[in-house]
$ cat final_17.txt   # compact mmCIF, C-alpha atoms
# COMPACT_ATOMS: atom_id res chain seq x y z
CA MET A 1 49.54 9.99 -22.60
CA ILE A 2 47.60 7.39 -20.59
CA SER A 3 44.85 5.73 -22.61
CA MET A 4 41.42 5.55 -21.07
CA ARG A 5 38.50 3.22 -21.63
CA SER A 6 35.00 4.59 -21.39
CA GLY A 7 31.55 3.42 -22.36
CA PHE A 8 28.10 2.24 -21.41
CA VAL A 9 26.99 -0.94 -19.66
CA ALA A 10 23.28 -1.82 -19.60
CA LEU A 11 21.95 -3.80 -16.65
CA VAL A 12 18.96 -5.82 -17.87
CA GLY A 13 16.83 -8.62 -16.53
CA ARG A 14 13.51 -9.56 -15.00
CA PRO A 15 12.04 -7.40 -12.21
CA ASN A 16 13.72 -7.68 -8.80
CA VAL A 17 16.89 -9.42 -9.96
CA GLY A 18 19.02 -6.77 -8.28
CA LYS A 19 19.90 -4.26 -11.01
CA SER A 20 19.53 -1.14 -8.88
CA THR A 21 21.23 -2.81 -5.92
CA LEU A 22 24.23 -3.72 -8.06
CA LEU A 23 24.40 -0.22 -9.51
CA ASN A 24 24.40 1.32 -6.03
CA ALA A 25 27.09 -1.12 -4.88
CA CYS A 26 29.27 -0.21 -7.85
CA LEU A 27 28.86 3.50 -7.09
CA GLY A 28 29.45 3.04 -3.37
CA GLU A 29 26.41 5.17 -2.59
CA LYS A 30 22.67 4.91 -2.97
CA VAL A 31 21.46 6.88 -5.96
CA ALA A 32 18.97 4.41 -7.45
CA ILE A 33 15.91 3.50 -5.41
CA GLU A 34 15.35 -0.09 -4.27
CA SER A 35 12.28 -2.02 -3.15
CA PRO A 36 10.86 -5.55 -3.42
CA VAL A 37 8.11 -4.24 -5.71
CA ALA A 38 8.20 -5.02 -9.43
CA GLN A 39 8.58 -1.95 -11.67
CA THR A 40 10.45 -0.03 -8.97
CA THR A 41 12.72 1.29 -11.73
CA ARG A 42 10.66 3.25 -14.25
CA LYS A 43 13.22 5.49 -15.88
CA ARG A 44 16.58 4.87 -17.44
CA PHE A 45 19.16 5.80 -14.84
CA ARG A 46 22.87 6.24 -15.47
CA GLY A 47 25.44 5.83 -12.73
CA VAL A 48 29.04 6.90 -13.32
CA VAL A 49 31.94 4.89 -11.89
CA ASN A 50 35.44 6.31 -12.30
CA LEU A 51 38.24 3.76 -12.16
CA GLU A 52 41.96 4.42 -12.45
CA ASP A 53 41.97 4.02 -16.23
CA ALA A 54 38.29 3.79 -17.15
CA GLN A 55 34.94 5.48 -16.82
CA VAL A 56 32.09 2.97 -16.61
CA ILE A 57 28.60 4.34 -17.18
CA LEU A 58 26.12 1.84 -15.77
CA VAL A 59 22.60 2.06 -17.18
CA ASP A 60 19.88 0.79 -14.85
CA THR A 61 16.80 -0.23 -16.83
CA PRO A 62 13.21 -1.17 -15.93
CA GLY A 63 12.67 -4.86 -15.27
CA LEU A 64 11.45 -6.70 -18.36
CA HIS A 65 8.04 -8.26 -17.76
CA LYS A 66 4.70 -9.14 -19.37
CA PRO A 67 2.97 -5.75 -19.56
CA LYS A 68 -0.58 -5.26 -18.30
CA ASP A 69 -1.04 -1.64 -19.33
CA ALA A 70 0.45 1.18 -21.39
CA LEU A 71 2.97 1.95 -18.66
CA GLY A 72 4.28 -1.61 -18.70
CA LYS A 73 4.68 -1.52 -22.48
CA GLU A 74 6.66 1.71 -22.27
CA LEU A 75 8.93 0.33 -19.55
CA ASN A 76 9.72 -2.70 -21.72
CA ARG A 77 10.41 -0.47 -24.72
CA ALA A 78 12.74 1.67 -22.64
CA ALA A 79 14.72 -1.31 -21.37
CA LEU A 80 15.03 -3.00 -24.76
CA ALA A 81 16.08 0.24 -26.46
CA GLU A 82 19.25 0.25 -24.39
CA LEU A 83 20.50 -2.96 -25.99
CA ALA A 84 21.22 -1.14 -29.24
CA ASP A 85 23.25 1.72 -27.77
CA VAL A 86 25.66 0.24 -25.24
CA ASP A 87 29.07 -1.39 -25.32
CA VAL A 88 28.26 -4.13 -22.79
CA VAL A 89 24.99 -5.81 -21.87
CA ALA A 90 24.94 -7.43 -18.44
CA MET A 91 22.01 -9.81 -18.01
CA LEU A 92 21.22 -10.35 -14.34
CA ILE A 93 19.61 -13.55 -13.06
CA ASP A 94 18.54 -14.07 -9.44
CA ALA A 95 20.40 -17.01 -7.90
CA THR A 96 17.45 -17.81 -5.64
CA LYS A 97 14.69 -18.14 -8.25
CA PRO A 98 14.32 -20.80 -10.97
CA VAL A 99 15.34 -19.74 -14.46
CA GLY A 100 12.10 -19.56 -16.38
CA SER A 101 10.36 -18.41 -19.53
CA GLY A 102 10.68 -14.75 -18.54
CA ASP A 103 14.46 -15.07 -18.35
CA ALA A 104 14.45 -16.89 -21.69
CA TRP A 105 12.51 -14.01 -23.27
CA VAL A 106 15.03 -11.46 -21.96
CA ALA A 107 17.92 -13.66 -23.07
CA ARG A 108 16.66 -13.79 -26.67
CA HIS A 109 16.97 -10.02 -26.86
CA VAL A 110 20.39 -10.09 -25.19
CA ASP A 111 21.53 -12.78 -27.62
CA ALA A 112 20.59 -10.56 -30.56
CA SER A 113 22.62 -7.62 -29.24
CA ASP A 114 25.93 -6.70 -30.87
CA ALA A 115 27.32 -5.63 -27.49
CA HIS A 116 29.63 -7.74 -25.31
CA ARG A 117 27.28 -10.02 -23.34
CA VAL A 118 27.90 -10.77 -19.66
CA LEU A 119 25.89 -13.20 -17.56
CA VAL A 120 25.59 -12.03 -13.94
CA ILE A 121 24.20 -14.32 -11.25
CA THR A 122 23.06 -12.12 -8.36
CA LYS A 123 22.22 -12.57 -4.66
CA ALA A 124 24.92 -15.17 -4.11
CA ASP A 125 24.89 -14.36 -0.39
CA VAL A 126 21.47 -16.00 0.03
CA ALA A 127 21.99 -18.99 -2.27
CA SER A 128 23.97 -22.18 -1.71
CA PRO A 129 26.97 -22.93 -3.94
CA GLU A 130 24.99 -25.81 -5.44
CA LEU A 131 22.11 -23.51 -6.35
CA VAL A 132 24.45 -20.95 -7.87
CA SER A 133 26.07 -23.66 -10.00
CA ALA A 134 22.66 -24.87 -11.14
CA GLN A 135 21.64 -21.32 -12.05
CA LEU A 136 24.80 -20.83 -14.06
CA GLU A 137 24.19 -24.03 -16.00
CA ALA A 138 20.57 -23.16 -16.70
CA ALA A 139 21.41 -19.60 -17.73
CA ARG A 140 24.19 -20.65 -20.09
CA ALA A 141 21.60 -22.46 -22.19
CA LEU A 142 19.60 -19.28 -22.75
CA ALA A 143 22.03 -17.23 -24.83
CA ARG A 144 25.60 -16.88 -26.06
CA PHE A 145 27.40 -15.09 -23.24
CA ASP A 146 30.96 -13.81 -23.66
CA ASP A 147 31.65 -13.71 -19.91
CA GLU A 148 29.98 -14.70 -16.67
CA ILE A 149 30.33 -13.70 -13.04
CA VAL A 150 28.63 -14.38 -9.70
CA VAL A 151 28.02 -11.43 -7.37
CA SER A 152 26.41 -10.36 -4.14
CA ALA A 153 25.77 -6.63 -4.21
CA ARG A 154 24.58 -6.64 -0.59
CA GLU A 155 27.83 -8.20 0.63
CA ARG A 156 29.92 -6.46 -2.06
CA PHE A 157 31.15 -9.86 -3.21
CA ASN A 158 32.72 -9.60 -6.68
CA VAL A 159 31.45 -6.04 -7.22
CA GLU A 160 34.96 -4.83 -8.06
CA GLY A 161 35.41 -7.95 -10.17
CA PHE A 162 32.29 -7.08 -12.14
CA LEU A 163 33.53 -3.53 -12.74
CA SER A 164 36.94 -4.77 -13.88
CA LEU A 165 35.32 -7.30 -16.20
CA VAL A 166 33.05 -4.80 -17.96
CA ALA A 167 35.66 -2.02 -18.00
CA ALA A 168 38.03 -4.29 -19.94
CA GLN A 169 35.44 -4.53 -22.73
CA LEU A 170 34.91 -0.80 -23.17
CA PRO A 171 36.51 1.00 -26.10
CA GLU A 172 39.15 3.66 -25.70
CA GLY A 173 37.38 6.96 -25.57
CA PRO A 174 36.69 10.23 -23.80
CA GLN A 175 35.56 10.83 -20.26
CA TRP A 176 31.83 11.25 -20.82
CA PHE A 177 30.99 12.73 -17.41
CA PRO A 178 32.91 14.90 -14.90
CA GLU A 179 34.62 12.96 -12.11
CA ASP A 180 32.40 14.50 -9.43
CA MET A 181 29.18 13.43 -11.18
CA SER A 182 27.75 10.13 -9.89
CA SER A 183 24.60 10.06 -12.03
CA ASP A 184 22.85 11.92 -14.84
CA ALA A 185 19.58 12.27 -12.92
CA SER A 186 18.38 15.77 -12.06
CA ASP A 187 17.73 16.78 -8.47
CA GLU A 188 14.02 16.86 -9.29
CA ASP A 189 14.05 13.31 -10.61
CA LEU A 190 15.98 12.05 -7.58
CA VAL A 191 13.59 13.79 -5.20
CA ALA A 192 10.57 12.24 -6.92
CA GLU A 193 12.11 8.78 -6.99
CA PHE A 194 13.15 8.68 -3.34
CA ILE A 195 9.70 9.80 -2.25
CA ARG A 196 8.18 7.07 -4.42
CA GLU A 197 10.53 4.54 -2.83
CA LYS A 198 9.15 5.37 0.61
CA VAL A 199 5.59 4.95 -0.70
CA LEU A 200 6.52 1.53 -2.07
CA LEU A 201 8.23 0.42 1.12
CA ASN A 202 5.34 1.50 3.32
CA LEU A 203 2.43 0.52 1.08
CA ARG A 204 3.79 -2.20 -1.17
CA ASP A 205 0.80 -4.50 -0.64
CA GLU A 206 -1.82 -1.81 -1.26
CA ILE A 207 -1.05 0.46 -4.21
CA PRO A 208 2.50 0.09 -5.55
CA HIS A 209 1.89 0.25 -9.30
CA SER A 210 -0.74 2.99 -9.10
CA VAL A 211 1.66 5.53 -7.57
CA ALA A 212 3.69 8.16 -9.36
CA VAL A 213 5.53 11.12 -7.84
CA THR A 214 6.41 14.47 -9.32
CA CYS A 215 8.72 17.11 -7.88
CA GLU A 216 7.05 20.44 -8.52
CA ASP A 217 9.75 22.75 -7.20
CA ILE A 218 13.01 23.02 -5.26
CA ASN A 219 13.44 26.48 -3.80
CA TRP A 220 16.73 27.38 -2.16
CA ALA A 221 16.50 29.81 0.76
CA LYS A 222 19.18 32.35 1.66
CA ASP A 223 20.14 30.35 4.74
CA GLY A 224 20.93 27.33 2.52
CA HIS A 225 17.98 25.07 3.26
CA ALA A 226 15.80 23.70 0.44
CA SER A 227 12.01 23.88 0.28
CA VAL A 228 10.75 20.97 -1.80
CA ALA A 229 7.21 20.69 -3.14
CA ALA A 230 6.18 17.27 -4.46
CA THR A 231 2.97 15.50 -5.43
CA ILE A 232 2.07 11.84 -4.95
CA LEU A 233 -0.32 10.70 -7.68
CA VAL A 234 -2.73 7.79 -7.34
CA GLU A 235 -5.57 6.51 -9.51
CA ARG A 236 -8.51 6.33 -7.08
CA GLU A 237 -9.91 8.26 -4.12
CA SER A 238 -9.62 5.14 -1.94
CA GLN A 239 -5.89 5.01 -2.70
CA LYS A 240 -5.54 8.67 -1.76
CA GLY A 241 -6.99 7.85 1.64
CA ILE A 242 -4.51 5.01 2.11
CA VAL A 243 -1.54 7.23 1.24
CA ILE A 244 -2.69 10.01 3.54
CA GLY A 245 -3.53 7.61 6.38
CA SER A 246 -5.51 8.25 9.53
CA GLY A 247 -5.07 11.87 10.50
CA GLY A 248 -2.32 12.21 7.88
CA SER A 249 -0.14 9.64 9.64
CA MET A 250 1.00 7.74 6.55
CA VAL A 251 1.93 10.71 4.37
CA LYS A 252 3.77 12.17 7.37
CA ARG A 253 5.76 8.94 7.75
CA ILE A 254 6.55 8.90 4.03
CA GLY A 255 7.73 12.49 4.20
CA THR A 256 9.88 11.90 7.29
CA GLU A 257 11.58 8.86 5.77
CA ALA A 258 12.09 10.57 2.42
CA ARG A 259 13.53 13.72 3.97
CA ALA A 260 16.61 11.87 5.21
CA ASP A 261 17.47 10.80 1.64
CA LEU A 262 16.63 14.21 0.18
CA GLU A 263 18.94 15.95 2.64
CA ARG A 264 21.71 13.53 1.70
CA ILE A 265 21.11 14.10 -2.02
CA LEU A 266 20.75 17.88 -1.85
CA GLY A 267 23.36 18.38 0.86
CA ALA A 268 21.11 20.69 2.87
CA ASN A 269 18.30 20.76 5.39
CA VAL A 270 15.02 20.13 3.61
CA TYR A 271 11.49 21.35 4.22
CA LEU A 272 9.21 18.91 2.34
CA ASP A 273 5.65 19.79 1.32
CA LEU A 274 3.81 16.66 0.12
CA GLU A 275 0.43 16.70 -1.60
CA VAL A 276 -1.61 13.67 -2.67
CA ARG A 277 -3.76 13.90 -5.79
CA VAL A 278 -5.98 11.55 -7.79
CA ARG A 279 -5.29 11.17 -11.51
CA PRO A 280 -7.65 8.42 -12.74
CA GLN A 281 -6.18 5.66 -14.92
CA TRP A 282 -2.93 7.50 -15.51
CA ARG A 283 -1.11 4.24 -16.29
CA ARG A 284 -3.33 3.76 -19.35
CA ASP A 285 -2.96 7.31 -20.62
CA ALA A 286 -0.06 7.76 -23.03
CA ASN A 287 -0.05 11.53 -22.51
CA GLU A 288 0.19 11.14 -18.73
CA ILE A 289 2.94 8.55 -19.05
CA ARG A 290 4.86 10.93 -21.29
CA ARG A 291 4.30 13.87 -18.93
CA LEU A 292 5.65 11.85 -16.04
CA GLY A 293 8.75 10.91 -18.04
CA TYR A 294 8.02 7.18 -18.08
CA ASP A 295 7.83 6.84 -21.87
CA ALA A 296 10.60 5.47 -24.05
CA GLY A 297 10.59 8.46 -26.36
CA ASP A 298 14.00 9.76 -25.28
CA PHE A 299 15.82 6.43 -25.66
$ encode --input "final_17.txt" --output "C-alpha cells"
Amino acid sequence: MISMRSGFVALVGRPNVGKSTLLNACLGEKVAIESPVAQTTRKRFRGVVNLEDAQVILVDTPGLHKPKDALGKELNRAALAELADVDVVAMLIDATKPVGSGDAWVARHVDASDAHRVLVITKADVASPELVSAQLEAARALARFDDEIVVSARERFNVEGFLSLVAAQLPEGPQWFPEDMSSDASDEDLVAEFIREKVLLNLRDEIPHSVAVTCEDINWAKDGHASVAATILVERESQKGIVIGSGGSMVKRIGTEARADLERILGANVYLDLEVRVRPQWRRDANEIRRLGYDAGDF
C-alpha cells in the first residue's frame, strides 16, 4: 500500500504579500480573488492540491494588520486562529517592500506556533537578486524558520518547489477532500467573492473597505443556465451612487466583468441580477459581521 501525506498549510503575512496569488498558482486555476486592496481576503479559504503522493490543503488567511474597526479585529482573529490548527505555517514577505514592524508582529506569532515554519519571499519577478537576498537576511532575524524559499507566483517560479517543500512536512494521513474538489468554498461564497473583486478593481480608490457582497440565490433553470441574485452592500448613500454609477454604468460593468468568472465557476451561462443596498456602519456591527460570515467564530 502506498503511503500518503496529507495536511494543512496556512499562508500568513501582511496584506498584499501575495497569499491568494500563490494559492491560485499552486492550484493552477483562479479560485481565490486578488486585488491590490488591503483586506481583499476576508474569509478563510482552503485550496486543495493533489500531488502524486500527497494532498496539500492550502489555507488562505486575511492579511494581518492594525485593525481600525470590528471587522479588522475579526479578520486578525481569523488569521491567527489558523496557526494553532495546521501542520505547516508559511509566512510570506514581499520582496519589494522593506521588512518592518508589521512583519515583525506577524513573525512573533509564527515563531510561537508548533507547526513547521517556512519563510516565503514572494514577488521575486519584480525584485533584483540583491533585494531578495537583503529581504531574506532581514526576515531571518524575525523568527526561527525551519525552511525558506523564494517564489514568484505570477511567473510560476518555484511554485512546484514550494509545494514539494511543504508536502514533505505533512504527516501521513487520509485524503481529506475528493480529488475533483479544488476548494471548500460554496458556490454562493465564490459568487459573492468574485463580484466583490470586481468592485475592488473598479472602485479601489473610492470605497474598498466599505463593500460587502452577499449571494442571495442561485436558481438553476431547466435549460442549464443559472440565475444568480446578489447584493452589494455599502455604508452610505453616496457610496451607493458611486457603485451604481451614472445611468447604472458602473454596476453594469461590475456585473459584466463578474459574469465571466461566475460562468467559469458554475460551468454554465449565468444571468446575474445585482442590487445595491445601504447598510450603515456594518463594519462596526458584530451581528452584521457575523451574518456576512466575516467573523472568526468558526475557526
$ residues_around --input "final_17.txt" --residues "stretch 90-101 of chain A" --least-positions-apart "4" --cutoff "7 Å" --atoms "all atoms listed in the file" --output "VMD selection string"
chain A and resid 9 to 13 17 105 117 to 124 127 131 to 132 135 138 to 139
$ atom_distance --input "final_17.txt" --atom1 "atom CA of A:Pro36" --atom2 "atom CA of A:Leu201"
7.9 Å
$ atom_distance --input "final_17.txt" --atom1 "atom CA of A:Ala25" --atom2 "atom CA of A:His209"
25.6 Å
$ residues_near_point --input "final_17.txt" --point "(39.5, -2.4, -19.2)" --cutoff "12 Å" --atoms "all atoms listed in the file" --output "MDAnalysis selection string"
chainID A and resid 3:7 50:56 88 161:173
$ write_last_selection --input "final_17.txt" --atoms "C-alpha atoms" --output "mmCIF file, keeping the file's coordinate frame"
data_model
loop_
_atom_site.group_PDB
_atom_site.id
_atom_site.type_symbol
_atom_site.label_atom_id
_atom_site.label_comp_id
_atom_site.auth_asym_id
_atom_site.auth_seq_id
_atom_site.Cartn_x
_atom_site.Cartn_y
_atom_site.Cartn_z
ATOM 1 C CA SER A 3 44.850 5.730 -22.610
ATOM 2 C CA MET A 4 41.420 5.550 -21.070
ATOM 3 C CA ARG A 5 38.500 3.220 -21.630
ATOM 4 C CA SER A 6 35.000 4.590 -21.390
ATOM 5 C CA GLY A 7 31.550 3.420 -22.360
ATOM 6 C CA ASN A 50 35.440 6.310 -12.300
ATOM 7 C CA LEU A 51 38.240 3.760 -12.160
ATOM 8 C CA GLU A 52 41.960 4.420 -12.450
ATOM 9 C CA ASP A 53 41.970 4.020 -16.230
ATOM 10 C CA ALA A 54 38.290 3.790 -17.150
ATOM 11 C CA GLN A 55 34.940 5.480 -16.820
ATOM 12 C CA VAL A 56 32.090 2.970 -16.610
ATOM 13 C CA VAL A 88 28.260 -4.130 -22.790
ATOM 14 C CA GLY A 161 35.410 -7.950 -10.170
ATOM 15 C CA PHE A 162 32.290 -7.080 -12.140
ATOM 16 C CA LEU A 163 33.530 -3.530 -12.740
ATOM 17 C CA SER A 164 36.940 -4.770 -13.880
ATOM 18 C CA LEU A 165 35.320 -7.300 -16.200
ATOM 19 C CA VAL A 166 33.050 -4.800 -17.960
ATOM 20 C CA ALA A 167 35.660 -2.020 -18.000
ATOM 21 C CA ALA A 168 38.030 -4.290 -19.940
ATOM 22 C CA GLN A 169 35.440 -4.530 -22.730
ATOM 23 C CA LEU A 170 34.910 -0.800 -23.170
ATOM 24 C CA PRO A 171 36.510 1.000 -26.100
ATOM 25 C CA GLU A 172 39.150 3.660 -25.700
ATOM 26 C CA GLY A 173 37.380 6.960 -25.570
#
$ closest_residue --input "final_17.txt" --among "A:Leu58, A:Val159, A:Val89, A:Ile149" --to "A:Val31" --atoms "all atoms listed in the file"
A:Leu58
$ atom_distance --input "final_17.txt" --atom1 "atom CA of A:Gly224" --atom2 "atom CA of A:Gly267"
9.4 Å
$ residues_around --input "final_17.txt" --residues "A:Ile57" --least-positions-apart "3" --cutoff "6 Å" --atoms "all atoms listed in the file" --output "PyMOL selection string"
chain A and resi 8+47-48
$ closest_residue --input "final_17.txt" --among "A:Leu274, A:Ala141, A:Ala112, A:Val86" --to "A:Ser227" --atoms "only C-alpha atoms"
A:Leu274
$ closest_atom_pairs --input "final_17.txt" --of "stretch 18-60 of chain A" --to "stretch 153-157 of chain A" --cutoff "10 Å" --atoms "all atoms listed in the file" --output "Markdown table"
| residue | atom | partner | partner_atom | distance |
| --- | --- | --- | --- | --- |
| A:Gly18 | CA | A:Ala153 | CA | 7.9 |
| A:Lys19 | CA | A:Ala153 | CA | 9.3 |
| A:Ser20 | CA | A:Ala153 | CA | 9.5 |
| A:Thr21 | CA | A:Ala153 | CA | 6.2 |
| A:Leu22 | CA | A:Ala153 | CA | 5.1 |
| A:Leu23 | CA | A:Ala153 | CA | 8.4 |
| A:Asn24 | CA | A:Ala153 | CA | 8.3 |
| A:Ala25 | CA | A:Ala153 | CA | 5.7 |
| A:Cys26 | CA | A:Ala153 | CA | 8.2 |
| A:Gly28 | CA | A:Arg156 | CA | 9.6 |
$ residues_around --input "final_17.txt" --residues "stretch 248-261 of chain A" --least-positions-apart "5" --cutoff "12 Å" --atoms "only C-alpha atoms" --output "number ranges by chain"
A: 29-33, 187, 190-203, 226-232, 239-243, 266-276
$ closest_residue --input "final_17.txt" --among "A:Val150, A:Leu142, A:Leu262, A:Ala107" --to "A:Asp125" --atoms "only C-alpha atoms"
A:Val150
